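Working notes for the structure below.
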Amino acid sequence: SMQETNTKIKREEVSIGQEARQLTVQMMQNPQILAALQERLDGLNGSPSGYMESLPKVVKRRVNALKNLQVKCAHIEAKFYEEVHELERKYAALYQPLFDKRSDIVKAAYEPTDEECEWKADEEEELTVSKQDEMKEKAKLEEEKKDEEKEDPKGIPEFWLTVFKNVDLLSDMLQEHDEPILKHLQDIKVKFSDPGQPMSFTLEFHFEPNDFFTNTVLVKTYKMRSEPDENDPFSFDGPEIMCCTGCTIEWTKGKNVTLKTIKKKQKHKGRGTVRTVTKTVPNDSFFNFFTPPEGKRESDEDTEAVLAADFEIGHFIRERIVPRAVLYFTGEAIEDDDDDTEASVCSVQEGEEEADEENDPDYDPKVRAPLLTHIHPPSKDL
């Protein structure tokens, strides 16, 4: 039948594909074939390596002199980023009182005044005064109705949990069992390393007393390399996160969401009897963020992938979430990020993968010049 013929053709295609792959592998293991390929590649017109090889010795010498100058440039650049870090520390101290007040309002330690709560939204600007009064009256009645239904909520409930849910990069890490815990998250702070110390930053997650763990603060520290790598100085592009350390969460008995117990049936080899054993295994959870894998960027591939994602999240929380939390709470910052992304996608060549929502053009987990990512025309929402 037609179906059988199609299946047979498919099988043959797969078989041919496998043979071709095996042949490629064998060829690639043959040093002579590899050398011939390399020669062909180098000889290609416009190939940088081929061109460099063809240069006279005296010119090559001078190119080496330029490379040495480039290394010196990289070291000056490192000094520039050290000063940027100092500036960040200086301004962090100026932002902090505002962030503290934000935290006090969120956790109901401070009730903002009417004046502080006044905000002119775009739509309201065009409405006539009578229409505004009518809307205010309607809103007031709705408020009173709500107030009768339940007591006044305190502060801004679930502020940080909502921020997390609104940002793809963070909501991907969230599990249902994390949500009741993150309702107790009251603030996230960024602390920079002191002058003269190796460059690093620490994220502090402040929790109100809760039934899940006894810690009031969970911390995650990211250590950065702020000077060029001697073996590869030209790759230097600003400070880069090299490794991170978490903290021990003092879980209340039975509340550790990073572990789960599973029941397994075990057969006794000799007697043939079956018994059920309970085993504790790791469980997906946002709180695994505080136990990153040991090691650095250059570890095995799996660890490297996990760390790369971790560094991206740490950088994003520090660069975007903490400075602009309210706009991620309302969703306005996400629209901005989308606009940035659309603009960048237009300029990306076809066939390249589109950036994620969070990845706008200046955003890079390798953490280049944190200050420079702030030099944008102010957003209309701010």
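Every chain in the structure tokens takes a letter, A first, then B, and so on in the order presented; its residues are numbered from 1, and the ligands are numbered from 1 following the presented order.
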
Shell around stretch 182-188 of chain A at 7 Å using only C-alpha atoms, local window under 4 positions removed, as a ChimeraX atom specification: /A:103,107,158,160-161,178,203-208,210,322

How about saving the chosen residues, N, CA, C and O atoms kept, as a compact mmCIF listing (two decimals), in the first residue's frame?
# COMPACT_ATOMS: atom_id res chain seq x y z
N SER A 103 9.51 50.01 49.76
CA SER A 103 9.33 48.80 50.57
C SER A 103 8.34 49.05 51.71
O SER A 103 7.48 48.22 52.00
N LYS A 107 4.86 46.97 52.22
CA LYS A 107 4.59 46.11 53.39
C LYS A 107 3.73 46.81 54.46
O LYS A 107 3.62 46.32 55.58
N GLU A 158 1.05 40.92 47.67
CA GLU A 158 1.67 40.09 46.61
C GLU A 158 2.41 40.93 45.57
O GLU A 158 2.47 40.58 44.40
N TRP A 160 5.76 41.61 45.06
CA TRP A 160 6.92 40.98 44.40
C TRP A 160 6.51 39.71 43.65
O TRP A 160 7.05 39.40 42.60
N LEU A 161 5.54 38.98 44.20
CA LEU A 161 5.07 37.77 43.51
C LEU A 161 4.49 38.16 42.15
O LEU A 161 4.74 37.49 41.14
N ASP A 178 5.76 27.46 45.09
CA ASP A 178 6.59 28.61 45.50
C ASP A 178 5.74 29.83 45.84
O ASP A 178 6.16 30.70 46.60
N LEU A 203 22.40 40.09 45.94
CA LEU A 203 20.96 40.30 45.96
C LEU A 203 20.43 39.81 47.30
O LEU A 203 20.73 38.68 47.71
N GLU A 204 19.69 40.67 47.99
CA GLU A 204 19.11 40.30 49.29
C GLU A 204 17.60 40.21 49.14
O GLU A 204 16.95 41.17 48.73
N PHE A 205 17.04 39.05 49.46
CA PHE A 205 15.59 38.86 49.42
C PHE A 205 15.07 38.90 50.86
O PHE A 205 15.37 37.99 51.65
N HIS A 206 14.32 39.94 51.20
CA HIS A 206 13.85 40.14 52.58
C HIS A 206 12.43 39.58 52.74
O HIS A 206 11.52 39.97 52.00
N PHE A 207 12.27 38.67 53.70
CA PHE A 207 10.97 38.02 53.94
C PHE A 207 10.41 38.41 55.30
O PHE A 207 11.16 38.59 56.25
N GLU A 208 9.07 38.50 55.38
CA GLU A 208 8.46 38.68 56.69
C GLU A 208 8.43 37.31 57.38
O GLU A 208 8.57 36.29 56.71
N ASN A 210 7.49 33.83 58.50
CA ASN A 210 6.55 32.94 57.81
C ASN A 210 6.72 31.52 58.31
O ASN A 210 7.64 31.22 59.07
N VAL A 322 14.92 45.44 40.34
CA VAL A 322 15.04 46.26 41.55
C VAL A 322 14.86 47.75 41.24
O VAL A 322 14.07 48.42 41.91

Which of stretch 104-272 of chain A DSSP labels strand (DSSP E or B), written as a ChimeraX atom specification: /A:185-192,200-207,213,217-225,240-245,251,259-267

Selection near A:Thr261, 8 Å with only C-alpha atoms, sequence-local residues under 5 positions removed, as a short mmCIF file (atom, residue, chain, number, x, y, z; two decimals) with C-alpha atoms, in the first residue's frame:
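around_38.cif was written with the following content:
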data_model
loop_
_atom_site.label_atom_id
_atom_site.label_comp_id
_atom_site.auth_asym_id
_atom_site.auth_seq_id
_atom_site.Cartn_x
_atom_site.Cartn_y
_atom_site.Cartn_z
CA THR A 278 10.20 6.29 50.30
CA LYS A 279 12.92 8.28 48.63
CA THR A 280 13.65 12.00 48.82
CA VAL A 281 14.52 13.58 45.46
#

Produce a table with one row for each residue of stretch 165-229 of chain A that has an atom at most 9 Å from any atom of stretch 81-89 of chain A, each row naming the nearest atom pair and its distance in Å at one decimal; use only C-alpha atoms; arrange rows by chain and rising residue number; format as a Markdown table.
| residue | atom | partner | partner_atom | distance |
| --- | --- | --- | --- | --- |
| A:Lys191 | CA | A:Arg89 | CA | 8.3 |
| A:Phe192 | CA | A:Arg89 | CA | 6.2 |
| A:Ser193 | CA | A:Arg89 | CA | 8.2 |
| A:Asp194 | CA | A:Arg89 | CA | 8.3 |
| A:Pro195 | CA | A:Glu86 | CA | 7.3 |
| A:Met199 | CA | A:His85 | CA | 8.1 |
| A:Ser226 | CA | A:Glu82 | CA | 7.3 |
| A:Glu227 | CA | A:Tyr81 | CA | 8.9 |

Those in stretch 75-303 of chain A with alpha helix (DSSP H) from DSSP, as an MDAnalysis selection string: chainID A and resid 75:106 114:117 122:126 129:149 159:166 168:171 179:182 301:303

Top pick for closest residue to A:Asp310, considering A:Leu141, A:Thr258, A:Ile241, A:Met52 and counting only C-alpha atoms: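 The answer is A:Ile241, which sits nearest to A:Asp310.
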
Two-atom distance - atom CA of A:Met224, atom CA of A:Asn68 (Å):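 For atom CA of A:Met224 relative to atom CA of A:Asn68, the distance reads 24.7 Å.
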
Selection near A:Pro112, 10 Å with only C-alpha atoms, sequence-local residues under 4 positions removed, as a PyMOL selection string: chain A and resi 101-102+104-105+108+116-117+155

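Around A:Phe286, within 8 Å and counting only C-alpha atoms, the residues found are Met173, Leu174, Gln175, Asp178 and Phe289 of chain A, once anything fewer than 3 positions away on its own chain is removed.
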
Between atom CA of A:Asp338 and atom CA of A:Gly238, distance in Å (one decimal):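 For atom CA of A:Asp338 relative to atom CA of A:Gly238, the distance reads 25.8 Å.
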
Nearest to A:Ala325, chosen from A:Ala92, A:Thr162, A:Gly50, A:Glu115, with only C-alpha atoms counted in the distances: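 Between A:Ala92, A:Thr162, A:Gly50, A:Glu115, the residue approaching A:Ala325 most closely is A:Thr162.
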